[in-house]
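K.L.:
Below is the file my_file19.cif, with mmCIF, C-alpha atoms.
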```cif
data_upload
#
loop_
_atom_site.label_atom_id
_atom_site.label_comp_id
_atom_site.auth_asym_id
_atom_site.auth_seq_id
_atom_site.Cartn_x
_atom_site.Cartn_y
_atom_site.Cartn_z
CA MET T 1 22.45 47.03 -5.26
CA SER T 2 23.70 50.32 -6.75
CA LEU T 3 25.62 50.50 -10.01
CA ASN T 4 28.78 51.38 -8.08
CA ASP T 5 28.36 48.29 -5.94
CA LEU T 6 27.85 46.14 -9.04
CA GLN T 7 30.97 47.60 -10.62
CA THR T 8 32.96 46.85 -7.48
CA LYS T 9 31.74 43.28 -7.61
CA VAL T 10 32.69 42.92 -11.29
CA GLY T 11 36.07 44.55 -10.68
CA GLU T 12 36.87 42.03 -7.95
CA ARG T 13 35.86 39.19 -10.26
CA ILE T 14 38.17 40.54 -12.97
CA GLU T 15 41.06 40.41 -10.50
CA ASP T 16 40.14 36.80 -9.70
CA LEU T 17 40.31 35.96 -13.42
CA LYS T 18 43.92 37.10 -13.79
CA GLU T 19 45.42 33.63 -14.25
CA HIS T 20 42.65 32.57 -16.60
CA ALA T 21 43.27 35.71 -18.66
CA ALA T 22 47.00 34.95 -18.80
CA ASP T 23 46.36 31.37 -19.92
CA VAL T 24 43.98 32.42 -22.70
CA LEU T 25 46.36 35.12 -23.91
CA MET T 26 49.30 32.72 -24.07
CA ASP T 27 47.16 30.17 -25.88
CA ILE T 28 46.17 32.56 -28.67
CA VAL T 29 49.67 34.05 -28.97
CA LYS T 30 50.88 30.57 -29.99
CA PHE T 31 49.03 30.94 -33.30
CA PRO T 32 50.93 32.84 -36.03
CA SER T 33 47.78 34.65 -37.10
CA VAL T 34 49.23 36.70 -39.93
CA CYS T 35 46.96 37.74 -42.78
CA GLY T 36 45.36 34.64 -44.30
CA GLU T 37 46.28 32.38 -41.37
CA GLU T 38 44.11 33.83 -38.61
CA MET T 39 41.61 31.03 -38.10
CA GLY T 40 43.67 29.00 -35.63
CA ALA T 41 43.62 31.96 -33.24
CA VAL T 42 39.94 32.59 -34.02
CA GLU T 43 38.99 28.99 -33.19
CA CYS T 44 41.13 29.04 -30.04
CA MET T 45 39.39 32.20 -28.84
CA LYS T 46 36.03 30.74 -29.75
CA ASP T 47 36.75 27.68 -27.58
CA ALA T 48 37.70 29.87 -24.62
CA ILE T 49 34.55 31.96 -24.92
CA GLU T 50 32.33 28.89 -25.30
CA SER T 51 33.89 27.36 -22.18
CA SER T 52 32.52 30.33 -20.24
CA GLY T 53 28.95 29.69 -21.37
CA PHE T 54 28.67 32.13 -24.28
CA SER T 55 27.66 31.33 -27.85
CA PRO T 56 30.25 32.94 -30.12
CA GLU T 57 29.74 32.72 -33.86
CA ILE T 58 32.22 32.89 -36.73
CA ILE T 59 30.87 35.30 -39.35
CA PRO T 60 32.46 34.73 -42.80
CA LEU T 61 33.98 37.70 -44.59
CA ASP T 62 31.53 39.23 -47.04
CA PRO T 63 32.92 39.41 -50.62
CA ALA T 64 30.55 42.32 -51.30
CA ILE T 65 32.90 44.68 -49.43
CA LYS T 66 35.45 44.41 -52.25
CA SER T 67 33.44 47.11 -54.03
CA HIS T 68 33.02 49.23 -50.89
CA PRO T 69 34.90 52.58 -50.94
CA GLU T 70 36.48 51.76 -47.57
CA TYR T 71 37.84 48.40 -48.74
CA SER T 72 41.63 48.09 -48.49
CA HIS T 73 43.34 46.30 -51.36
CA TYR T 74 46.74 44.73 -50.81
CA THR T 75 49.34 42.66 -52.60
CA ASN T 76 48.92 38.87 -52.71
CA GLU T 77 45.50 38.84 -51.09
CA PRO T 78 44.80 35.39 -49.61
CA SER T 79 41.66 33.42 -50.29
CA TRP T 80 38.64 34.40 -48.24
CA GLU T 81 37.41 30.83 -48.08
CA GLY T 82 37.05 29.62 -44.49
CA ARG T 83 38.04 32.98 -42.97
CA GLY T 84 35.84 35.08 -40.73
CA ASN T 85 35.40 37.26 -37.65
CA LEU T 86 34.29 36.06 -34.23
CA VAL T 87 31.18 37.70 -32.75
CA THR T 88 29.87 37.16 -29.21
CA GLU T 89 26.74 38.87 -27.90
CA TYR T 90 25.50 39.30 -24.34
CA GLY T 91 22.55 40.98 -22.66
CA GLY T 92 20.28 43.35 -24.50
CA ASP T 93 16.93 42.34 -23.00
CA GLY T 94 16.18 45.86 -21.76
CA ASN T 95 15.98 49.24 -23.44
CA GLY T 96 19.58 50.34 -22.93
CA LYS T 97 22.04 51.53 -25.53
CA SER T 98 24.20 48.94 -27.28
CA LEU T 99 27.99 48.76 -27.32
CA ILE T 100 30.64 46.94 -29.35
CA LEU T 101 34.07 45.99 -27.97
CA ASN T 102 36.28 45.52 -31.03
CA ALA T 103 39.78 44.00 -31.10
CA HIS T 104 41.80 42.26 -33.80
CA LEU T 105 43.32 38.79 -33.77
CA ASP T 106 45.61 39.18 -36.79
CA VAL T 107 49.26 40.09 -36.32
CA VAL T 108 52.18 41.32 -38.40
CA PRO T 109 54.88 38.80 -39.44
CA ALA T 110 57.67 37.97 -37.01
CA GLU T 111 60.60 37.28 -39.34
CA GLY T 112 63.88 37.22 -37.44
CA TRP T 113 62.19 36.42 -34.13
CA PRO T 114 62.20 32.62 -33.80
CA GLU T 115 60.52 32.66 -30.37
CA ALA T 116 57.68 34.96 -31.45
CA TYR T 117 54.97 32.31 -31.13
CA ASN T 118 56.41 30.64 -28.06
CA PRO T 119 54.99 33.05 -25.46
CA LYS T 120 56.92 33.65 -22.26
CA ARG T 121 55.69 34.90 -18.92
CA ASP T 122 57.94 36.75 -16.50
CA GLY T 123 55.89 37.82 -13.51
CA ASP T 124 53.19 40.10 -14.87
CA ILE T 125 54.78 40.45 -18.33
CA ILE T 126 53.72 38.22 -21.24
CA THR T 127 55.94 38.38 -24.32
CA GLY T 128 55.16 37.14 -27.82
CA ARG T 129 53.95 38.33 -31.21
CA GLY T 130 50.49 39.84 -30.86
CA SER T 131 50.51 39.97 -27.04
CA CYS T 132 50.42 43.77 -27.23
CA ASP T 133 48.94 44.32 -30.69
CA ASP T 134 46.20 43.30 -30.21
CA LYS T 135 45.55 40.01 -28.43
CA GLY T 136 45.81 41.63 -25.01
CA GLY T 137 42.82 43.75 -26.02
CA VAL T 138 41.01 40.67 -27.32
CA VAL T 139 41.34 38.94 -23.97
CA ALA T 140 40.46 42.10 -22.00
CA GLY T 141 37.09 42.31 -23.77
CA TYR T 142 36.39 38.65 -23.14
CA ILE T 143 37.33 38.92 -19.44
CA ALA T 144 35.09 41.99 -19.04
CA MET T 145 32.10 40.11 -20.45
CA LYS T 146 32.89 36.92 -18.52
CA ALA T 147 33.19 38.79 -15.22
CA MET T 148 29.76 40.34 -15.70
CA LYS T 149 28.25 36.97 -16.53
CA ASP T 150 29.98 35.31 -13.58
CA CYS T 151 28.44 37.99 -11.35
CA SER T 152 24.98 37.41 -12.90
CA ILE T 153 24.93 40.94 -14.30
CA GLU T 154 23.47 41.49 -17.75
CA THR T 155 23.56 44.71 -19.70
CA SER T 156 20.23 46.27 -20.61
CA GLY T 157 21.53 47.16 -24.07
CA LYS T 158 23.32 44.52 -26.11
CA LEU T 159 27.06 44.13 -25.50
CA SER T 160 29.00 42.59 -28.40
CA LEU T 161 32.55 41.36 -28.76
CA HIS T 162 33.92 41.71 -32.28
CA HIS T 163 37.16 39.79 -32.57
CA VAL T 164 38.18 40.63 -36.10
CA ILE T 165 40.81 39.69 -38.67
CA ASP T 166 42.50 41.70 -41.42
CA GLU T 167 43.12 44.82 -39.33
CA GLU T 168 46.84 45.08 -40.04
CA THR T 169 46.19 45.24 -43.79
CA GLY T 170 43.56 47.95 -43.56
CA GLY T 171 40.48 46.85 -41.63
CA ASN T 172 38.50 44.60 -43.96
CA GLY T 173 37.37 42.37 -41.09
CA THR T 174 35.69 45.22 -39.24
CA LEU T 175 34.38 46.61 -42.53
CA SER T 176 32.73 43.26 -43.29
CA LEU T 177 30.88 43.22 -39.96
CA LEU T 178 29.73 46.84 -40.13
CA ASN T 179 28.64 46.51 -43.74
CA GLY T 180 26.74 43.36 -42.75
CA GLY T 181 24.69 45.20 -40.12
CA TYR T 182 26.69 44.28 -37.00
CA THR T 183 26.41 47.78 -35.57
CA ALA T 184 25.54 49.39 -32.23
CA ASP T 185 25.01 52.75 -30.57
CA ALA T 186 28.75 53.08 -29.86
CA ALA T 187 32.04 51.18 -29.98
CA ILE T 188 35.30 50.91 -28.10
CA VAL T 189 38.26 49.72 -30.17
CA ALA T 190 41.10 47.96 -28.37
CA GLU T 191 44.57 49.07 -29.46
CA CYS T 192 47.83 49.29 -27.55
CA ASN T 193 47.51 52.95 -26.51
CA ASP T 194 48.52 52.47 -22.86
CA ASN T 195 44.90 52.67 -21.68
CA VAL T 196 44.44 56.29 -22.73
CA ILE T 197 40.96 57.51 -23.69
CA ASN T 198 41.34 58.49 -27.36
CA PRO T 199 38.23 60.09 -28.89
CA ALA T 200 40.26 60.83 -32.05
CA ASN T 201 42.75 59.03 -34.27
CA ARG T 202 45.23 60.30 -36.78
CA GLY T 203 44.58 59.15 -40.35
CA ALA T 204 47.04 57.28 -42.56
CA LEU T 205 47.15 57.02 -46.34
CA TRP T 206 49.49 54.70 -48.24
CA PHE T 207 50.40 55.77 -51.75
CA GLN T 208 51.96 54.04 -54.75
CA LEU T 209 53.89 56.51 -56.90
CA SER T 210 55.28 55.49 -60.30
CA THR T 211 57.45 57.51 -62.66
CA THR T 212 58.52 56.69 -66.20
CA GLY T 213 61.56 57.80 -68.15
CA ILE T 214 63.57 56.84 -71.23
CA SER T 215 65.96 53.91 -70.94
CA THR T 216 69.39 54.00 -72.53
CA HIS T 217 73.02 52.96 -72.02
CA MET T 218 75.04 54.88 -69.46
CA GLY T 219 77.27 56.09 -72.29
CA GLU T 220 74.25 57.83 -73.83
CA ILE T 221 72.94 59.15 -70.52
CA ASP T 222 72.22 62.61 -71.94
CA ASN T 223 69.71 61.02 -74.32
CA GLY T 224 67.92 59.16 -71.53
CA ILE T 225 65.62 60.23 -68.72
CA SER T 226 66.04 58.50 -65.39
CA ALA T 227 62.81 57.41 -63.74
CA ILE T 228 64.73 57.33 -60.45
CA GLU T 229 65.72 60.97 -60.73
CA LYS T 230 62.12 61.89 -61.55
CA ALA T 231 60.95 59.88 -58.55
CA ASN T 232 63.45 61.74 -56.36
CA GLN T 233 62.01 65.01 -57.62
CA ALA T 234 58.48 63.81 -56.80
CA ILE T 235 59.61 62.73 -53.32
CA ASP T 236 61.03 66.22 -52.69
CA ILE T 237 57.66 67.67 -53.68
CA LEU T 238 55.85 65.28 -51.34
CA LYS T 239 58.16 66.39 -48.51
CA GLU T 240 57.17 69.99 -49.30
CA TYR T 241 53.54 68.89 -48.98
CA GLU T 242 54.30 67.33 -45.61
CA LYS T 243 55.67 70.71 -44.43
CA TYR T 244 52.50 72.39 -45.74
CA LEU T 245 50.36 70.06 -43.62
CA ILE T 246 52.55 70.62 -40.56
CA ASP T 247 52.46 74.40 -40.96
CA ASN T 248 48.70 74.60 -41.52
CA PHE T 249 46.99 71.60 -39.87
CA MET T 250 49.04 70.68 -36.79
CA ASP T 251 46.98 72.79 -34.39
CA HIS T 252 44.26 70.40 -33.18
CA HIS T 253 42.92 70.31 -29.63
CA TYR T 254 43.21 66.51 -29.33
CA PHE T 255 46.78 66.35 -30.66
CA ASN T 256 48.50 69.41 -29.18
CA GLY T 257 51.31 68.51 -26.80
CA LEU T 258 51.81 64.89 -27.92
CA PRO T 259 55.42 63.66 -27.60
CA HIS T 260 55.48 62.51 -31.25
CA ARG T 261 54.61 64.59 -34.32
CA PRO T 262 51.38 63.07 -35.67
CA ILE T 263 51.75 64.50 -39.20
CA GLN T 264 54.51 62.81 -41.14
CA LEU T 265 55.45 61.46 -44.55
CA CYS T 266 57.35 58.18 -44.90
CA ILE T 267 58.98 56.76 -48.03
CA GLY T 268 59.07 53.06 -47.28
CA MET T 269 59.86 51.20 -50.52
CA ILE T 270 61.60 51.99 -53.82
CA GLN T 271 62.03 49.61 -56.75
CA SER T 272 63.74 50.47 -60.03
CA GLY T 273 66.36 49.49 -62.54
CA GLU T 274 67.67 46.37 -64.23
CA TRP T 275 71.39 47.06 -64.61
CA PRO T 276 73.95 49.40 -62.97
CA SER T 277 74.98 51.02 -66.29
CA MET T 278 71.44 51.37 -67.64
CA VAL T 279 69.24 54.45 -67.25
CA PRO T 280 66.00 53.11 -65.72
CA ASP T 281 62.72 53.86 -67.47
CA ARG T 282 60.45 53.02 -64.53
CA CYS T 283 60.51 53.59 -60.77
CA GLU T 284 57.99 52.49 -58.17
CA VAL T 285 57.80 54.23 -54.81
CA GLU T 286 55.53 53.29 -51.91
CA GLY T 287 55.00 55.28 -48.76
CA GLY T 288 52.50 56.73 -46.36
CA ILE T 289 51.35 60.03 -44.96
CA GLY T 290 49.76 60.71 -41.57
CA PHE T 291 47.25 63.51 -41.00
CA LEU T 292 44.78 64.83 -38.42
CA PRO T 293 40.96 65.01 -38.35
CA ASN T 294 41.06 68.62 -39.58
CA LYS T 295 42.09 67.32 -43.02
CA ASP T 296 39.86 65.12 -45.18
CA ILE T 297 41.45 62.04 -46.71
CA ASP T 298 39.92 62.75 -50.14
CA ASP T 299 41.52 66.20 -50.13
CA ILE T 300 44.89 64.62 -49.29
CA LYS T 301 44.56 62.24 -52.25
CA GLU T 302 43.81 65.04 -54.69
CA GLU T 303 46.38 67.47 -53.31
CA LEU T 304 49.25 64.98 -53.54
CA LYS T 305 48.56 64.64 -57.26
CA GLN T 306 48.05 68.37 -57.69
CA TRP T 307 51.30 69.30 -55.99
CA ILE T 308 53.34 67.05 -58.31
CA ARG T 309 51.48 68.36 -61.38
CA GLU T 310 52.07 71.98 -60.38
CA ARG T 311 55.64 71.70 -59.05
CA GLY T 312 57.17 68.99 -61.20
CA ASP T 313 59.28 69.76 -64.27
CA ASP T 314 57.77 69.44 -67.71
CA TRP T 315 58.65 65.73 -67.93
CA LEU T 316 57.56 64.68 -64.44
CA LYS T 317 54.14 66.33 -64.53
CA GLU T 318 53.26 64.28 -67.64
CA HIS T 319 54.97 61.00 -66.66
CA PHE T 320 53.88 60.08 -63.15
CA ASP T 321 50.99 58.26 -61.56
CA ILE T 322 49.99 58.13 -57.91
CA ARG T 323 47.49 55.60 -56.62
CA TYR T 324 45.93 54.74 -53.27
CA ASP T 325 45.08 51.06 -53.72
CA LYS T 326 46.18 49.88 -50.30
CA LEU T 327 45.64 51.21 -46.78
CA HIS T 328 43.53 54.37 -46.73
CA ASN T 329 42.50 55.16 -43.16
CA ALA T 330 40.65 58.42 -42.64
CA ALA T 331 41.14 60.39 -39.43
CA TYR T 332 38.19 60.79 -37.08
CA GLU T 333 37.10 62.54 -33.90
CA ILE T 334 34.10 62.87 -31.63
CA PRO T 335 33.65 65.96 -29.43
CA PRO T 336 34.95 66.04 -25.83
CA ASP T 337 31.41 66.41 -24.49
CA HIS T 338 30.01 63.42 -26.41
CA PRO T 339 28.08 61.06 -24.07
CA LEU T 340 30.49 58.19 -24.84
CA VAL T 341 33.43 60.35 -23.79
CA THR T 342 31.76 61.51 -20.60
CA CYS T 343 30.70 57.92 -19.82
CA MET T 344 34.24 56.57 -20.11
CA ARG T 345 35.80 59.49 -18.25
CA LYS T 346 33.32 58.93 -15.42
CA VAL T 347 34.24 55.28 -14.85
CA ALA T 348 37.97 55.54 -15.62
CA PRO T 349 39.20 56.29 -12.07
CA ASP T 350 37.37 53.25 -10.70
CA ALA T 351 39.21 51.12 -13.28
CA GLY T 352 42.56 52.61 -12.25
CA ILE T 353 42.80 54.62 -15.47
CA SER T 354 43.25 58.37 -15.96
CA ASP T 355 40.24 60.34 -17.22
CA HIS T 356 42.56 62.40 -19.46
CA ILE T 357 41.58 62.48 -23.14
CA GLU T 358 43.76 63.05 -26.20
CA GLY T 359 44.14 61.97 -29.81
CA TRP T 360 46.13 58.90 -30.83
CA SER T 361 48.80 59.45 -33.46
CA VAL T 362 48.15 56.04 -35.03
CA SER T 363 45.39 54.88 -37.35
CA CYS T 364 43.32 51.75 -36.83
CA ASP T 365 39.88 50.21 -37.43
CA ALA T 366 38.23 52.86 -35.24
CA ARG T 367 37.72 55.25 -38.15
CA LEU T 368 35.42 52.72 -39.87
CA PHE T 369 32.69 53.05 -37.25
CA PRO T 370 31.83 56.70 -38.01
CA ARG T 371 32.54 56.38 -41.74
CA VAL T 372 30.56 53.21 -42.40
CA ALA T 373 27.94 53.13 -39.62
CA LYS T 374 27.81 56.73 -38.29
CA MET T 375 28.78 55.40 -34.86
CA PRO T 376 30.75 57.18 -32.12
CA VAL T 377 33.93 55.35 -31.18
CA ILE T 378 36.78 55.60 -28.70
CA THR T 379 40.11 53.78 -28.84
CA LEU T 380 41.47 52.33 -25.60
CA GLY T 381 43.49 49.22 -24.84
CA PRO T 382 46.42 47.67 -22.94
CA GLY T 383 50.06 47.73 -23.96
CA LYS T 384 52.47 50.36 -25.23
CA LEU T 385 52.87 51.23 -28.90
CA VAL T 386 56.65 51.02 -28.59
CA HIS T 387 56.30 47.25 -28.08
CA ALA T 388 53.93 46.64 -31.00
CA HIS T 389 55.44 45.05 -34.14
CA SER T 390 58.73 44.64 -32.28
CA ALA T 391 60.89 41.65 -31.33
CA SER T 392 60.16 42.41 -27.68
CA GLU T 393 56.37 42.62 -28.04
CA GLN T 394 54.79 42.35 -24.60
CA VAL T 395 51.85 43.30 -22.44
CA GLU T 396 51.54 43.71 -18.69
CA MET T 397 48.80 41.63 -17.08
CA GLN T 398 47.78 44.28 -14.56
CA GLU T 399 47.29 46.79 -17.37
CA MET T 400 45.16 44.24 -19.22
CA LEU T 401 42.97 43.82 -16.13
CA LYS T 402 42.56 47.61 -15.92
CA THR T 403 41.38 47.52 -19.53
CA ALA T 404 38.90 44.76 -18.71
CA LYS T 405 37.52 46.83 -15.83
CA MET T 406 37.28 49.87 -18.05
CA TYR T 407 35.34 47.89 -20.67
CA ALA T 408 33.02 46.32 -18.10
CA PHE T 409 32.34 49.56 -16.20
CA SER T 410 31.81 51.49 -19.46
CA ALA T 411 29.38 48.83 -20.69
CA MET T 412 27.45 48.89 -17.43
CA GLU T 413 27.28 52.69 -17.47
CA TRP T 414 26.52 53.02 -21.19
CA CYS T 415 24.19 50.06 -21.70
CA GLY T 416 22.62 49.96 -18.25
CA VAL T 417 22.13 46.77 -16.28
CA VAL T 418 19.16 44.51 -15.60
#
```
Written as C-alpha cells, how would this file's structure read?
P.N.:
Amino acid sequence: MSLNDLQTKVGERIEDLKEHAADVLMDIVKFPSVCGEEMGAVECMKDAIESSGFSPEIIPLDPAIKSHPEYSHYTNEPSWEGRGNLVTEYGGDGNGKSLILNAHLDVVPAEGWPEAYNPKRDGDIITGRGSCDDKGGVVAGYIAMKAMKDCSIETSGKLSLHHVIDEETGGNGTLSLLNGGYTADAAIVAECNDNVINPANRGALWFQLSTTGISTHMGEIDNGISAIEKANQAIDILKEYEKYLIDNFMDHHYFNGLPHRPIQLCIGMIQSGEWPSMVPDRCEVEGGIGFLPNKDIDDIKEELKQWIRERGDDWLKEHFDIRYDKLHNAAYEIPPDHPLVTCMRKVAPDAGISDHIEGWSVSCDARLFPRVAKMPVITLGPGKLVHAHSASEQVEMQEMLKTAKMYAFSAMEWCGVV
C-alpha cells in the first residue's frame, strides 16, 4: 500500500474518532490546570492514552533547569513536588527521522468565568477554559497517534507526544524535557494559530523596571523626587525604543502583511505610593516587548537599559533598574526551504489545511527547541488566538480533526512508516 493510501486510511480513522476526541477534550477541560495544579489534567490524559494501548510516562520536572539560562522565573512559584510532563512514544523501529508533537496542558486562570471548567458542546464547538489554548492541540496529537496505531501503522522514526506543563509561565515544562535529553530530529508545537504553518515565531520579553526617588510631604514637593514621574519618563523612552524597532526591524519575510503589528511594547502593571499627599520614593513597572527573529533577545535586553541611561535625565539614569527575571522568549525561524517546512506543506492539502506559510506574532515553547536542542520546529494547532485566554474560549471539532490529520500525515512523511 502506498503512503498516500495509508494516509487516506489514517484520515478516515481520525474522522471516526471524532466523538472520542470530543469526550477526551471535555474530560481534560474539567480540570482547572493552572500553574501548580496541572496534575489532574495530566493524569486524566494519561488514562485516556493508556486506554488506547500506549504506555505514557509522567516525567518529573528537573530542578537542575533552575540554573539554565532559558529558565523562566515567576512570582509565587509552586512546589515542584509531584509535578511533571506526560511523554508517550510510538514506533521508531526503523531508520527514519524522529518527531515530537508538543502541546501544553496548563491554562491561565479563569477568574470571573464561573462556568470555565464546566465544558459545553454546541454542535461542533466545545467551550471551556483551555479548550483552545491548548488542550485541543493536546487531543489532536493523541488522536493522530491513536489513528495510526488503530490502522496498524508504525512510524519508522520515533514519534513522541510531549504533553507539558508550565508553558503559560514561560516554558519550564518543555525546557525540562529538552534539557533531560527528550529530543528528536524535529518538532511540531501545537498552539491555537488556526492551523497555519508557522516556521517562525515572534519573541516576547517581560521586563521589571524600578525607579527610586526622594519621599517627602506634598507641601514640600519641590524638595522631593517622584519615583512615579521618573517611571513615566522611562516609559516614554521605552516607547521611543518600540518605534525604533518598528522603523528598523519590521521588514521580515515571514511577518510582512500580517493583520496585527508583531512588534509592540505593553506596560501591564504599575505599583507605587503609600499615601495620596506623599511623594513616592519607589515605583515598580512591569511590561513586555514583542520582537521578530531579526533581533536577538540579548541585544533587546542590553538596548533597553542603554536607551534609559542615554536618554534619561541626570536623576533617572542613576536611579533605575531593569530586570528580566520572568518570561524571556526569544524569536526563532527556520528557512522556507527547510525539509520540515516542505514536508508539512506537501501533506497540508490532504489534511484540509492551506500550504501557506507565515510567522506567528505570538511567542510560545517553540523557541526552546532550536535554542536548547538545535532542533527545527514549526508551530501549528487548532483554534483561534482571539478565543484564547477569553471568557468565550472555544475550539471547533472539525478544525481539531484537521490538526490531527496534519500531525499524522506529517509524521508518516517525516518519520517514514514500517
K.L.:
When you count all atoms listed in the file, which of these residues is closest to Gly173 of chain T: T:Leu61, T:Met39, T:Val417, T:Ala231?
P.N.:
T:Leu61
K.L.:
Report as a compact mmCIF listing (two decimals) with C-alpha atoms, in the frame of the given file the full result of the PyMOL selection byres ((chain T and resi 277) around 10) when it is applied to this structure.
P.N.:
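Contents of out_20.txt, freshly written:
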```txt
# COMPACT_ATOMS: atom_id res chain seq x y z
CA THR T 216 69.39 54.00 -72.53
CA HIS T 217 73.02 52.96 -72.02
CA MET T 218 75.04 54.88 -69.46
CA GLY T 219 77.27 56.09 -72.29
CA ILE T 221 72.94 59.15 -70.52
CA GLY T 273 66.36 49.49 -62.54
CA GLU T 274 67.67 46.37 -64.23
CA TRP T 275 71.39 47.06 -64.61
CA PRO T 276 73.95 49.40 -62.97
CA MET T 278 71.44 51.37 -67.64
CA VAL T 279 69.24 54.45 -67.25
CA PRO T 280 66.00 53.11 -65.72
```
K.L.:
Written as a list in words, what is the full residue list that the PyMOL selection byres ((chain T and resi 98) around 7) yields on the file shown?
P.N.:
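Expected selection for the PyMOL selection byres ((chain T and resi 98) around 7) here is Gly96, Lys97, Leu99, Gly157, Lys158, Leu159, Ala184, Asp185, Ala186 and Cys415 of chain T.
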K.L.:
Save the residues we just selected, C-alpha atoms, as a compact mmCIF listing (two decimals), keeping the file's coordinate frame?
P.N.:
```txt
# COMPACT_ATOMS: atom_id res chain seq x y z
CA GLY T 96 19.58 50.34 -22.93
CA LYS T 97 22.04 51.53 -25.53
CA LEU T 99 27.99 48.76 -27.32
CA GLY T 157 21.53 47.16 -24.07
CA LYS T 158 23.32 44.52 -26.11
CA LEU T 159 27.06 44.13 -25.50
CA ALA T 184 25.54 49.39 -32.23
CA ASP T 185 25.01 52.75 -30.57
CA ALA T 186 28.75 53.08 -29.86
CA CYS T 415 24.19 50.06 -21.70
```
K.L.:
Go through T:Asn198, T:Thr127, T:Met269, T:Ser156 one by one, measure the shortest atom-to-atom distance of each to Ala411 of chain T using all atoms listed in the file, and give the residue with the smallest value.
P.N.:
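Comparing T:Asn198, T:Thr127, T:Met269, T:Ser156 against Ala411 of chain T, the winner is T:Ser156.
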K.L.:
In Å, with one decimal, what is the gap from atom CA of Gly381 of chain T to atom CA of Cys192 of chain T?
P.N.:
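Those two atoms sit 5.1 Å apart.
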K.L.:
Find the residues near Leu6 of chain T: any atom within 10 Å, counting only C-alpha atoms, skip ones fewer than 2 places away on the same chain, and give them as a PDB file with C-alpha atoms, in the coordinates of the input.
P.N.:
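File around_18.pdb, as written:
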```
ATOM      1  CA  MET T   1      22.450  47.030  -5.260  1.00  0.00           C
ATOM      2  CA  SER T   2      23.700  50.320  -6.750  1.00  0.00           C
ATOM      3  CA  LEU T   3      25.620  50.500 -10.010  1.00  0.00           C
ATOM      4  CA  ASN T   4      28.780  51.380  -8.080  1.00  0.00           C
ATOM      5  CA  THR T   8      32.960  46.850  -7.480  1.00  0.00           C
ATOM      6  CA  LYS T   9      31.740  43.280  -7.610  1.00  0.00           C
ATOM      7  CA  VAL T  10      32.690  42.920 -11.290  1.00  0.00           C
ATOM      8  CA  GLY T  11      36.070  44.550 -10.680  1.00  0.00           C
ATOM      9  CA  GLU T  12      36.870  42.030  -7.950  1.00  0.00           C
ATOM     10  CA  MET T 148      29.760  40.340 -15.700  1.00  0.00           C
ATOM     11  CA  CYS T 151      28.440  37.990 -11.350  1.00  0.00           C
ATOM     12  CA  SER T 152      24.980  37.410 -12.900  1.00  0.00           C
ATOM     13  CA  ILE T 153      24.930  40.940 -14.300  1.00  0.00           C
ATOM     14  CA  PHE T 409      32.340  49.560 -16.200  1.00  0.00           C
ATOM     15  CA  MET T 412      27.450  48.890 -17.430  1.00  0.00           C
ATOM     16  CA  VAL T 417      22.130  46.770 -16.280  1.00  0.00           C
TER      17      VAL T 417
END
```
K.L.:
Just give me the residues with any atom within 6 Å of (50.7, 48.4, -18.2), file coordinates, counting only C-alpha atoms, written as a list in words.
P.N.:
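Selection result: Gly383, Glu396 and Glu399 of chain T.
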K.L.:
Between T:Arg311, T:Ser361, T:His163, T:Ile225, which is the closest to Leu258 of chain T once you count all atoms listed in the file?
P.N.:
T:Ser361
K.L.:
If you apply the PyMOL selection byres ((chain T and resi 201-212) around 7) to this file, what residues do you get, as a count of residues only?
P.N.:
38
K.L.:
Name the closest residue to His389 of chain T among the candidates T:Leu101, T:Leu316, T:Val108, T:Val42; distances are taken between atoms, counting all atoms listed in the file.
P.N.:
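Of the candidates, the smallest distance to His389 of chain T is held by T:Val108.
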K.L.:
Find the distance between atom CA of Asn85 of chain T and atom CA of Glu43 of chain T and write it in Å to one decimal.
P.N.:
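Between atom CA of Asn85 of chain T and atom CA of Glu43 of chain T the gap is 10.1 Å.
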K.L.:
Compare T:Ile263, T:Ala391, T:Val377, T:Ile308 by their minimum atom-to-atom distance to Ala116 of chain T, counting all atoms listed in the file, and give me the closest one.
P.N.:
T:Ala391
K.L.:
What is the distance, in Å and to one decimal place, between atom CA of Ile334 of chain T and atom CA of Ile357 of chain T?
P.N.:
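Straight-line distance from atom CA of Ile334 of chain T to atom CA of Ile357 of chain T works out to 11.3 Å.
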K.L.:
For each of T:Lys384, T:Lys295, T:Arg309, T:Arg371, take the minimum atom-to-atom distance to Pro69 of chain T, counting only C-alpha atoms, then give the residue where this is smallest.
P.N.:
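So, comparing all the options, the nearest one is T:Arg371.
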